[in-house]
Amino acid sequence: SMDRLDFTKGIPERLEAYNRFLEKYPEFHEKVVLVMVAVPSRDKVETYITLRDRINELVGRINGRFSTMSWAPIRYHYRSFPFESIMAFYHCSDVALVTPHRDGMNLVAKEYIASRVKGDGVLILSEMAGSAEELGEALIVNPNNTEEIADTIAEALTMKSEEQRERISVLQ
């Protein structure tokens with residue numbers, strides 16, 4: 001999950017959906033990590049400071065609830081990264097979770113697809129992202145429906161490699 005810290009990105013709702021996923025699918029505990037990068041944005045504006053604090057609290061609550069001695073379910077980074085590092089994150093991710101409430105093209109989705117040089121991976125994409133219309137092979141979700149997102153994460157993680165290759169091929 002890679003976003004600029006902004007209200008339109010649906011980051012708190014994404015975290016709530018991941019929390020629901022962990023509740024509903026305990027078989028994935030110690031097997032899945034959500035790597036969440038939130039690039040600082042308007043970090044001197046009070047409402048954005050409040051949003052940042054809410055996200056910090058959610059990450060802490062989820063990690064506090066589900067972590068074990070050898071596993072934390074969320075790796076949260078509130079900072080920017082160089083493009084090469086971003087590409088490495090995409091390349092190493094089995095699933096991209098892109099669930100904004102409102103967005104234009106959402107280049108994160110397209111960058112993730114471009115990174116899939118082995119033809120694998122699954123894109124979960126908000127129906128509210130502008131790119132959703134042209135990226136129909138993604139798993140399309142309502143960004144406000146935490147239950148649907150939780151189930152879609154499980155679907156993405158268990159998707160057969162043949163289906164992943166077919167979907168990514170069309171997306172590319």
# chains A, B, ... in the order shown; residues from 1 in each chain; ligands from 1
$ residues_around --residues "stretch 3-12 of chain A" --least-positions-apart "2" --cutoff "6 Å" --atoms "only C-alpha atoms" --output "list in words"
Arg14, Leu15, Ala38, Val39, Pro40, Ser41, Ile55, Pro100, His101 and Arg102 of chain A
$ select_by_dssp --residues "chain A" --states "helix (DSSP H, G or I)" --output "PyMOL selection string"
chain A and resi 7-9+11-24+26-28+46-66+83-92+107-115+130-133+146-158+161-171
$ residues_around --residues "A:Leu125" --least-positions-apart "6" --cutoff "10 Å" --atoms "only C-alpha atoms" --output "list in words"
Ala96, Leu97, Val98, Thr99, Pro100, Asn106, Ala109, Ser131, Ala132, Leu135, Gly136, Glu137, Ala138, Leu139, Ile140, Val141, Asn142, Pro143 and Ile149 of chain A
$ select_by_dssp --residues "stretch 51-96 of chain A" --states "strand (DSSP E or B)" --output "PDB file with C-alpha atoms, in the first residue's frame"
ATOM      1  CA  THR A  68       3.661 -12.207  17.978  1.00  0.00           C
ATOM      2  CA  TRP A  71       5.675 -11.197  13.398  1.00  0.00           C
ATOM      3  CA  ILE A  74       1.848  -4.069   9.526  1.00  0.00           C
ATOM      4  CA  ARG A  75       5.116  -2.381   8.582  1.00  0.00           C
ATOM      5  CA  TYR A  76       4.221   1.292   8.459  1.00  0.00           C
ATOM      6  CA  HIS A  77       6.473   3.955   6.979  1.00  0.00           C
ATOM      7  CA  VAL A  95      -0.767  -8.033  -3.742  1.00  0.00           C
ATOM      8  CA  ALA A  96      -1.222  -4.287  -4.202  1.00  0.00           C
TER       9      ALA A  96
END
$ closest_residue --among "A:Leu107, A:Ala156, A:Val122, A:Val35" --to "A:Ala88" --atoms "only C-alpha atoms"
A:Val35
$ residues_around --residues "A:Leu171" --least-positions-apart "2" --cutoff "10 Å" --atoms "only C-alpha atoms" --output "list in words"
Lys110, Ile113, Ala114, Leu123, Glu134, Leu135, Gly136, Glu137, Ala138, Arg165, Glu166, Arg167, Ile168 and Ser169 of chain A
$ residues_around --residues "A:Ala72" --least-positions-apart "3" --cutoff "8 Å" --atoms "only C-alpha atoms" --output "list of chain:residue names"
A:Glu30, A:Val33, A:Asn63, A:Phe66, A:Ser67, A:Thr68, A:Arg75
$ write_last_selection --atoms "C-alpha atoms" --output "PDB file, in the first residue's frame"
ATOM      1  CA  GLU A  30       2.434 -14.847  10.582  1.00  0.00           C
ATOM      2  CA  VAL A  33       2.511  -8.430   6.191  1.00  0.00           C
ATOM      3  CA  ASN A  63      -0.056  -4.513  15.589  1.00  0.00           C
ATOM      4  CA  PHE A  66      -2.172  -9.418  16.422  1.00  0.00           C
ATOM      5  CA  SER A  67       1.653  -9.278  16.690  1.00  0.00           C
ATOM      6  CA  THR A  68       3.661 -12.207  17.978  1.00  0.00           C
ATOM      7  CA  ARG A  75       5.116  -2.381   8.582  1.00  0.00           C
TER       8      ARG A  75
END
$ decode --residues "stretch 19-51 of chain A" --atoms "N, CA, C and O atoms" --output "short mmCIF file (atom, residue, chain, number, x, y, z; two decimals), in the first residue's frame"
data_model
loop_
_atom_site.label_atom_id
_atom_site.label_comp_id
_atom_site.auth_asym_id
_atom_site.auth_seq_id
_atom_site.Cartn_x
_atom_site.Cartn_y
_atom_site.Cartn_z
N ASN A 19 -7.61 -5.07 9.36
CA ASN A 19 -7.93 -5.57 10.68
C ASN A 19 -9.01 -6.65 10.59
O ASN A 19 -8.89 -7.72 11.21
N ARG A 20 -10.05 -6.38 9.80
CA ARG A 20 -11.12 -7.37 9.62
C ARG A 20 -10.60 -8.63 8.96
O ARG A 20 -10.98 -9.74 9.33
N PHE A 21 -9.72 -8.47 7.98
CA PHE A 21 -9.09 -9.63 7.33
C PHE A 21 -8.37 -10.49 8.37
O PHE A 21 -8.51 -11.72 8.38
N LEU A 22 -7.60 -9.87 9.24
CA LEU A 22 -6.87 -10.62 10.26
C LEU A 22 -7.81 -11.30 11.24
O LEU A 22 -7.53 -12.43 11.71
N GLU A 23 -8.92 -10.67 11.56
CA GLU A 23 -9.92 -11.29 12.44
C GLU A 23 -10.56 -12.50 11.77
O GLU A 23 -10.71 -13.56 12.39
N LYS A 24 -10.92 -12.34 10.54
CA LYS A 24 -11.71 -13.34 9.81
C LYS A 24 -10.89 -14.50 9.27
O LYS A 24 -11.40 -15.61 9.11
N TYR A 25 -9.61 -14.26 9.00
CA TYR A 25 -8.76 -15.27 8.37
C TYR A 25 -7.49 -15.50 9.19
O TYR A 25 -6.38 -15.15 8.75
N PRO A 26 -7.62 -16.09 10.37
CA PRO A 26 -6.43 -16.29 11.22
C PRO A 26 -5.38 -17.21 10.60
O PRO A 26 -4.22 -17.19 11.03
N GLU A 27 -5.74 -17.97 9.59
CA GLU A 27 -4.77 -18.84 8.93
C GLU A 27 -3.66 -18.05 8.24
O GLU A 27 -2.61 -18.61 7.90
N PHE A 28 -3.87 -16.75 8.04
CA PHE A 28 -2.86 -15.92 7.42
C PHE A 28 -1.93 -15.23 8.43
O PHE A 28 -0.98 -14.56 8.03
N HIS A 29 -2.24 -15.40 9.71
CA HIS A 29 -1.36 -14.80 10.72
C HIS A 29 0.05 -15.37 10.57
O HIS A 29 0.23 -16.56 10.32
N GLU A 30 1.02 -14.53 10.72
CA GLU A 30 2.43 -14.85 10.58
C GLU A 30 2.84 -15.24 9.16
O GLU A 30 3.94 -15.71 8.93
N LYS A 31 1.93 -15.03 8.19
CA LYS A 31 2.24 -15.32 6.79
C LYS A 31 2.12 -14.10 5.89
O LYS A 31 2.64 -14.10 4.79
N VAL A 32 1.41 -13.08 6.37
CA VAL A 32 1.12 -11.90 5.56
C VAL A 32 1.54 -10.65 6.33
O VAL A 32 1.31 -10.56 7.53
N VAL A 33 2.15 -9.72 5.62
CA VAL A 33 2.51 -8.43 6.19
C VAL A 33 2.01 -7.34 5.24
O VAL A 33 2.24 -7.41 4.04
N LEU A 34 1.30 -6.38 5.81
CA LEU A 34 0.91 -5.21 5.04
C LEU A 34 2.03 -4.18 5.18
O LEU A 34 2.30 -3.70 6.27
N VAL A 35 2.69 -3.91 4.06
CA VAL A 35 3.69 -2.85 4.03
C VAL A 35 2.96 -1.60 3.57
O VAL A 35 2.46 -1.55 2.44
N MET A 36 2.86 -0.63 4.47
CA MET A 36 2.11 0.59 4.17
C MET A 36 3.06 1.78 4.19
O MET A 36 3.70 2.05 5.21
N VAL A 37 3.13 2.46 3.06
CA VAL A 37 3.94 3.67 2.95
C VAL A 37 2.97 4.84 2.78
O VAL A 37 2.13 4.84 1.87
N ALA A 38 3.09 5.82 3.67
CA ALA A 38 2.31 7.04 3.58
C ALA A 38 3.30 8.20 3.47
O ALA A 38 4.03 8.49 4.41
N VAL A 39 3.31 8.81 2.31
CA VAL A 39 4.23 9.91 2.06
C VAL A 39 3.64 11.18 2.69
O VAL A 39 2.48 11.52 2.43
N PRO A 40 4.41 11.86 3.55
CA PRO A 40 3.89 13.07 4.20
C PRO A 40 3.35 14.08 3.20
O PRO A 40 3.92 14.28 2.12
N SER A 41 2.23 14.68 3.58
CA SER A 41 1.59 15.68 2.74
C SER A 41 0.91 16.69 3.65
O SER A 41 0.19 16.31 4.57
N ARG A 42 1.16 17.94 3.41
CA ARG A 42 0.54 19.01 4.20
C ARG A 42 0.71 18.76 5.69
O ARG A 42 -0.22 18.90 6.47
N ASP A 43 1.92 18.39 6.08
CA ASP A 43 2.17 17.95 7.46
C ASP A 43 2.17 19.07 8.49
O ASP A 43 2.37 18.81 9.67
N LYS A 44 1.90 20.29 8.07
CA LYS A 44 1.76 21.41 9.02
C LYS A 44 0.29 21.80 9.20
O LYS A 44 -0.03 22.64 10.01
N VAL A 45 -0.61 21.18 8.44
CA VAL A 45 -2.03 21.48 8.51
C VAL A 45 -2.66 20.60 9.59
O VAL A 45 -2.47 19.37 9.60
N GLU A 46 -3.43 21.22 10.48
CA GLU A 46 -3.97 20.51 11.65
C GLU A 46 -4.80 19.27 11.28
O GLU A 46 -4.67 18.23 11.91
N THR A 47 -5.64 19.38 10.27
CA THR A 47 -6.47 18.22 9.90
C THR A 47 -5.63 17.05 9.39
O THR A 47 -5.98 15.90 9.60
N TYR A 48 -4.51 17.35 8.74
CA TYR A 48 -3.62 16.29 8.27
C TYR A 48 -2.82 15.70 9.43
O TYR A 48 -2.51 14.50 9.43
N ILE A 49 -2.49 16.52 10.40
CA ILE A 49 -1.84 16.01 11.61
C ILE A 49 -2.78 15.05 12.33
O ILE A 49 -2.37 13.97 12.78
N THR A 50 -4.05 15.41 12.39
CA THR A 50 -5.07 14.54 13.01
C THR A 50 -5.20 13.23 12.24
O THR A 50 -5.29 12.15 12.84
N LEU A 51 -5.21 13.30 10.91
CA LEU A 51 -5.27 12.09 10.09
C LEU A 51 -4.05 11.21 10.33
O LEU A 51 -4.17 10.00 10.52
#
